[in-house]
Amino acid sequence: MDRIANVAPRMNDEGWFQYLSYIHNAEFGNIHGNDMFFPWHRRFLRDFEEIGQRYDGGFCCSILGPHGRMDAIVPNNHCLSRAFDRGGGIQPWYSPEYIYSVMQRDGSMNSFRQHIEFTIHGSVHLGIGGDMSTYWSPNDFIFMLHHANLDRLWQQWQNWGHQMTMDGRDSRGNWVGLGSPIPHYNDEVGFYHATRRQPHVLPVCRCRRRPRYELLSVGSQRKPPVACAGQGQGMMKQRNTTRTTMSPNISSGGQMLVPPTKLTDSWINMHRFDRSSVNKVMQEAQEFVSDMNSVNYLSPF
Ligand SMILES: [Cu+2]
């Protein structure tokens, strides 16, 4: 951590966060709301890592930590700001159960991307707020941590049999293929697609065992899947008594899922997301929570 605390301010002093925010802003419309989202942000993280490695050879996204006392330069000189959307903390976002359920159900890159981009991606940006909810979100070091986690999810999904899956379109409506150029960088999507051999691969979930791939069909009464089997014994517990309260029941080993916060209109407009697609995804997420709660599922997270 000390190494990171050492490197990040030096990178900032020498203008690298300004550079990264500049690119992110310049390409904003090309890299959000379409299937360039995952490849571009992976390429971007790699850029960030390579810059950090100029200062410290051991620098990588998997050891990122918080930074403080930084000034940001773009779009104007200001102190880096955060504005949590719930006072001292951030609103509930999306549970591991929801994330793993979409990862297990989605066979299409386009669908997987929407399920991540319109849920956990946006809610964490908005929950942290300040610079993180602007076009210049890479000003905030936590951007890299957040996107490293999203990239980890993409990598895990890829490793579940979707290694070379690209089936969506870019901002111009052209199909994104492995040979498509990544905006700004111009190297090919495919180069950053085969995760296993790439040097920038981030460590995935520290599960000791592979997750079970039990499909969860929303609305069914089937037992929900164990999302990440190594993360705790008895992760899923079914209460055999009748539920009488909606409050979290931590003492019995878990708590009910909380409905996630929705993306704001300004966030949707800023990204020019297709509103009906966003509404569909958010509706499904709400239904997922209701379904899980209706079968008395208790989350250990
Ligand atoms: Cu972005």
# chains A, B, ... in the order shown; residues from 1 in each chain; ligands from 1

call {"tool": "residues_near_ligand", "arguments": {"ligand": "ligand 1", "cutoff": "9 Å", "atoms": "only C-alpha atoms and all ligand atoms", "output": "short mmCIF file (atom, residue, chain, number, x, y, z; two decimals) with C-alpha atoms, in the first residue's frame"}}
result
data_model
loop_
_atom_site.label_atom_id
_atom_site.label_comp_id
_atom_site.auth_asym_id
_atom_site.auth_seq_id
_atom_site.Cartn_x
_atom_site.Cartn_y
_atom_site.Cartn_z
CA HIS A 24 -11.86 9.33 -21.16
CA ASN A 25 -13.73 12.55 -21.78
CA GLU A 27 -13.88 9.25 -26.17
CA PHE A 28 -16.85 9.29 -23.80
CA ILE A 31 -16.97 3.88 -25.02
CA HIS A 32 -20.19 3.91 -23.02
CA PHE A 37 -17.31 -0.47 -23.07
CA TRP A 40 -11.89 0.06 -24.00
CA HIS A 41 -11.82 0.20 -20.22
CA HIS A 121 -21.07 0.38 -13.03
CA TYR A 135 -16.96 12.92 -17.75
CA TRP A 136 -13.60 13.28 -15.97
CA SER A 137 -14.16 10.45 -13.51
CA PRO A 138 -10.59 9.07 -13.94
CA PHE A 143 -12.18 4.95 -10.85
CA HIS A 147 -13.11 -0.54 -13.31
#

call {"tool": "residues_around", "arguments": {"residues": "Asp85 in chain A", "least_positions_apart": "4", "cutoff": "12 Å", "atoms": "only C-alpha atoms", "output": "number ranges by chain"}}
result
A: 89-93, 123-130, 132-133, 261-264

call {"tool": "write_last_selection", "arguments": {"atoms": "N, CA and C atoms", "output": "PDB file, in the first residue's frame"}}
result
ATOM      1  N   GLY A  89     -21.921   7.529   3.591  1.00  0.00           N
ATOM      2  CA  GLY A  89     -21.744   6.260   2.886  1.00  0.00           C
ATOM      3  C   GLY A  89     -22.448   6.306   1.547  1.00  0.00           C
ATOM      4  N   ILE A  90     -22.476   5.174   0.867  1.00  0.00           N
ATOM      5  CA  ILE A  90     -23.168   5.189  -0.415  1.00  0.00           C
ATOM      6  C   ILE A  90     -24.388   4.271  -0.363  1.00  0.00           C
ATOM      7  N   GLN A  91     -25.346   4.579  -1.201  1.00  0.00           N
ATOM      8  CA  GLN A  91     -26.607   3.827  -1.238  1.00  0.00           C
ATOM      9  C   GLN A  91     -26.331   2.375  -1.612  1.00  0.00           C
ATOM     10  N   PRO A  92     -27.256   1.488  -1.257  1.00  0.00           N
ATOM     11  CA  PRO A  92     -27.072   0.091  -1.659  1.00  0.00           C
ATOM     12  C   PRO A  92     -26.933  -0.010  -3.168  1.00  0.00           C
ATOM     13  N   TRP A  93     -26.040  -0.837  -3.629  1.00  0.00           N
ATOM     14  CA  TRP A  93     -26.005  -1.024  -5.069  1.00  0.00           C
ATOM     15  C   TRP A  93     -26.370  -2.451  -5.398  1.00  0.00           C
ATOM     16  N   SER A 123     -24.057   2.696 -10.606  1.00  0.00           N
ATOM     17  CA  SER A 123     -24.424   3.000  -9.219  1.00  0.00           C
ATOM     18  C   SER A 123     -23.201   3.307  -8.371  1.00  0.00           C
ATOM     19  N   VAL A 124     -22.073   2.708  -8.669  1.00  0.00           N
ATOM     20  CA  VAL A 124     -20.867   3.021  -7.893  1.00  0.00           C
ATOM     21  C   VAL A 124     -20.330   4.402  -8.286  1.00  0.00           C
ATOM     22  N   HIS A 125     -20.344   4.709  -9.586  1.00  0.00           N
ATOM     23  CA  HIS A 125     -19.952   6.073  -9.994  1.00  0.00           C
ATOM     24  C   HIS A 125     -20.820   7.113  -9.287  1.00  0.00           C
ATOM     25  N   LEU A 126     -22.137   6.880  -9.307  1.00  0.00           N
ATOM     26  CA  LEU A 126     -23.057   7.852  -8.712  1.00  0.00           C
ATOM     27  C   LEU A 126     -22.986   7.845  -7.191  1.00  0.00           C
ATOM     28  N   GLY A 127     -22.776   6.678  -6.619  1.00  0.00           N
ATOM     29  CA  GLY A 127     -22.723   6.575  -5.161  1.00  0.00           C
ATOM     30  C   GLY A 127     -21.543   7.325  -4.587  1.00  0.00           C
ATOM     31  N   ILE A 128     -20.425   7.306  -5.284  1.00  0.00           N
ATOM     32  CA  ILE A 128     -19.235   8.026  -4.815  1.00  0.00           C
ATOM     33  C   ILE A 128     -19.353   9.504  -5.160  1.00  0.00           C
ATOM     34  N   GLY A 129     -19.915   9.781  -6.311  1.00  0.00           N
ATOM     35  CA  GLY A 129     -20.222  11.162  -6.671  1.00  0.00           C
ATOM     36  C   GLY A 129     -18.997  12.044  -6.856  1.00  0.00           C
ATOM     37  N   GLY A 130     -19.199  13.346  -6.858  1.00  0.00           N
ATOM     38  CA  GLY A 130     -18.099  14.280  -7.098  1.00  0.00           C
ATOM     39  C   GLY A 130     -17.504  14.029  -8.477  1.00  0.00           C
ATOM     40  N   MET A 132     -16.306  11.462  -9.656  1.00  0.00           N
ATOM     41  CA  MET A 132     -16.676  10.141 -10.192  1.00  0.00           C
ATOM     42  C   MET A 132     -17.975  10.162 -10.988  1.00  0.00           C
ATOM     43  N   SER A 133     -18.776  11.195 -10.823  1.00  0.00           N
ATOM     44  CA  SER A 133     -20.028  11.227 -11.588  1.00  0.00           C
ATOM     45  C   SER A 133     -19.936  12.199 -12.763  1.00  0.00           C
ATOM     46  N   THR A 261     -30.440   0.994  -5.866  1.00  0.00           N
ATOM     47  CA  THR A 261     -30.814   2.336  -6.301  1.00  0.00           C
ATOM     48  C   THR A 261     -30.813   2.379  -7.831  1.00  0.00           C
ATOM     49  N   LYS A 262     -31.618   3.278  -8.351  1.00  0.00           N
ATOM     50  CA  LYS A 262     -31.719   3.374  -9.812  1.00  0.00           C
ATOM     51  C   LYS A 262     -30.776   4.431 -10.345  1.00  0.00           C
ATOM     52  N   LEU A 263     -30.401   4.280 -11.593  1.00  0.00           N
ATOM     53  CA  LEU A 263     -29.602   5.330 -12.232  1.00  0.00           C
ATOM     54  C   LEU A 263     -30.426   6.603 -12.313  1.00  0.00           C
ATOM     55  N   THR A 264     -29.766   7.730 -12.185  1.00  0.00           N
ATOM     56  CA  THR A 264     -30.501   8.994 -12.259  1.00  0.00           C
ATOM     57  C   THR A 264     -30.727   9.391 -13.721  1.00  0.00           C
TER      58      THR A 264
END

call {"tool": "atom_distance", "arguments": {"atom1": "CA of Val7 in chain A", "atom2": "CA of Gln156 in chain A"}}
result
28.5 Å

call {"tool": "closest_residue", "arguments": {"among": "A:Val295, A:Ile120, A:Met144, A:Leu80", "to": "Tyr98 in chain A", "atoms": "only C-alpha atoms"}}
result
A:Ile120

call {"tool": "atom_distance", "arguments": {"atom1": "CA of Ile142 in chain A", "atom2": "CA of Glu188 in chain A"}}
result
26.5 Å

call {"tool": "closest_residue", "arguments": {"among": "A:Leu298, A:Leu20, A:Val281, A:Ile268", "to": "Glu97 in chain A", "atoms": "only C-alpha atoms"}}
result
A:Leu298

call {"tool": "select_by_dssp", "arguments": {"residues": "range 2-64 of chain A", "states": "helix (DSSP H, G or I)", "output": "PyMOL selection string"}}
result
chain A and resi 2-13+16-26+28-31+37-55+61-63

call {"tool": "write_last_selection", "arguments": {"atoms": "C-alpha atoms", "output": "PDB file, in the first residue's frame"}}
result
ATOM      1  CA  ASP A   2       2.860   2.350   0.774  1.00  0.00           C
ATOM      2  CA  ARG A   3       4.130   1.898  -2.740  1.00  0.00           C
ATOM      3  CA  ILE A   4       0.772   2.893  -4.159  1.00  0.00           C
ATOM      4  CA  ALA A   5       0.481   5.871  -1.848  1.00  0.00           C
ATOM      5  CA  ASN A   6       3.874   6.873  -3.141  1.00  0.00           C
ATOM      6  CA  VAL A   7       3.188   6.394  -6.836  1.00  0.00           C
ATOM      7  CA  ALA A   8      -0.300   7.881  -7.228  1.00  0.00           C
ATOM      8  CA  PRO A   9       0.504  11.428  -6.063  1.00  0.00           C
ATOM      9  CA  ARG A  10       3.609  11.492  -8.249  1.00  0.00           C
ATOM     10  CA  MET A  11       1.566  10.374 -11.234  1.00  0.00           C
ATOM     11  CA  ASN A  12      -0.900  13.104 -10.435  1.00  0.00           C
ATOM     12  CA  ASP A  13       1.778  15.766  -9.979  1.00  0.00           C
ATOM     13  CA  TRP A  16      -1.018  11.555 -15.750  1.00  0.00           C
ATOM     14  CA  PHE A  17      -4.485  11.651 -14.234  1.00  0.00           C
ATOM     15  CA  GLN A  18      -5.149  14.715 -16.327  1.00  0.00           C
ATOM     16  CA  TYR A  19      -4.058  12.763 -19.397  1.00  0.00           C
ATOM     17  CA  LEU A  20      -6.260   9.781 -18.470  1.00  0.00           C
ATOM     18  CA  SER A  21      -9.284  11.961 -17.775  1.00  0.00           C
ATOM     19  CA  TYR A  22      -8.717  13.821 -20.992  1.00  0.00           C
ATOM     20  CA  ILE A  23      -8.840  10.609 -23.037  1.00  0.00           C
ATOM     21  CA  HIS A  24     -11.861   9.326 -21.158  1.00  0.00           C
ATOM     22  CA  ASN A  25     -13.728  12.548 -21.782  1.00  0.00           C
ATOM     23  CA  ALA A  26     -12.682  12.775 -25.425  1.00  0.00           C
ATOM     24  CA  PHE A  28     -16.846   9.289 -23.801  1.00  0.00           C
ATOM     25  CA  GLY A  29     -19.569   8.726 -26.386  1.00  0.00           C
ATOM     26  CA  ASN A  30     -17.626   5.954 -28.106  1.00  0.00           C
ATOM     27  CA  ILE A  31     -16.966   3.884 -25.023  1.00  0.00           C
ATOM     28  CA  PHE A  37     -17.315  -0.468 -23.072  1.00  0.00           C
ATOM     29  CA  PHE A  38     -15.429  -3.477 -21.704  1.00  0.00           C
ATOM     30  CA  PRO A  39     -12.546  -3.669 -24.202  1.00  0.00           C
ATOM     31  CA  TRP A  40     -11.890   0.065 -24.005  1.00  0.00           C
ATOM     32  CA  HIS A  41     -11.823   0.203 -20.217  1.00  0.00           C
ATOM     33  CA  ARG A  42      -9.554  -2.832 -20.085  1.00  0.00           C
ATOM     34  CA  ARG A  43      -7.176  -1.138 -22.496  1.00  0.00           C
ATOM     35  CA  PHE A  44      -7.390   2.022 -20.454  1.00  0.00           C
ATOM     36  CA  LEU A  45      -6.540   0.201 -17.222  1.00  0.00           C
ATOM     37  CA  ARG A  46      -3.534  -1.279 -18.972  1.00  0.00           C
ATOM     38  CA  ASP A  47      -2.436   2.211 -19.959  1.00  0.00           C
ATOM     39  CA  PHE A  48      -2.792   3.286 -16.353  1.00  0.00           C
ATOM     40  CA  GLU A  49      -0.774   0.311 -15.117  1.00  0.00           C
ATOM     41  CA  GLU A  50       2.006   0.922 -17.598  1.00  0.00           C
ATOM     42  CA  ILE A  51       2.251   4.531 -16.513  1.00  0.00           C
ATOM     43  CA  GLY A  52       2.384   3.467 -12.866  1.00  0.00           C
ATOM     44  CA  GLN A  53       5.092   0.942 -13.662  1.00  0.00           C
ATOM     45  CA  ARG A  54       7.343   3.750 -14.840  1.00  0.00           C
ATOM     46  CA  TYR A  55       7.435   4.806 -11.203  1.00  0.00           C
ATOM     47  CA  CYS A  61      -4.439  -2.503 -10.668  1.00  0.00           C
ATOM     48  CA  SER A  62      -4.925  -5.359  -8.256  1.00  0.00           C
ATOM     49  CA  ILE A  63      -3.183  -3.471  -5.456  1.00  0.00           C
TER      50      ILE A  63
END

call {"tool": "atom_distance", "arguments": {"atom1": "CA of Asn110 in chain A", "atom2": "CA of Gly122 in chain A"}}
result
16.5 Å

call {"tool": "residues_around", "arguments": {"residues": "Trp175 in chain A", "least_positions_apart": "2", "cutoff": "12 Å", "atoms": "only C-alpha atoms", "output": "VMD selection string"}}
result
chain A and resid 34 to 36 109 to 110 166 to 173 177 to 181 189

call {"tool": "closest_residue", "arguments": {"among": "A:Ser108, A:Gln255, A:Ser276, A:Ser266", "to": "Met164 in chain A", "atoms": "only C-alpha atoms"}}
result
A:Ser108

call {"tool": "closest_residue", "arguments": {"among": "A:Phe288, A:Trp160, A:Phe112, A:Phe118", "to": "Phe273 in chain A", "atoms": "only C-alpha atoms"}}
result
A:Phe118
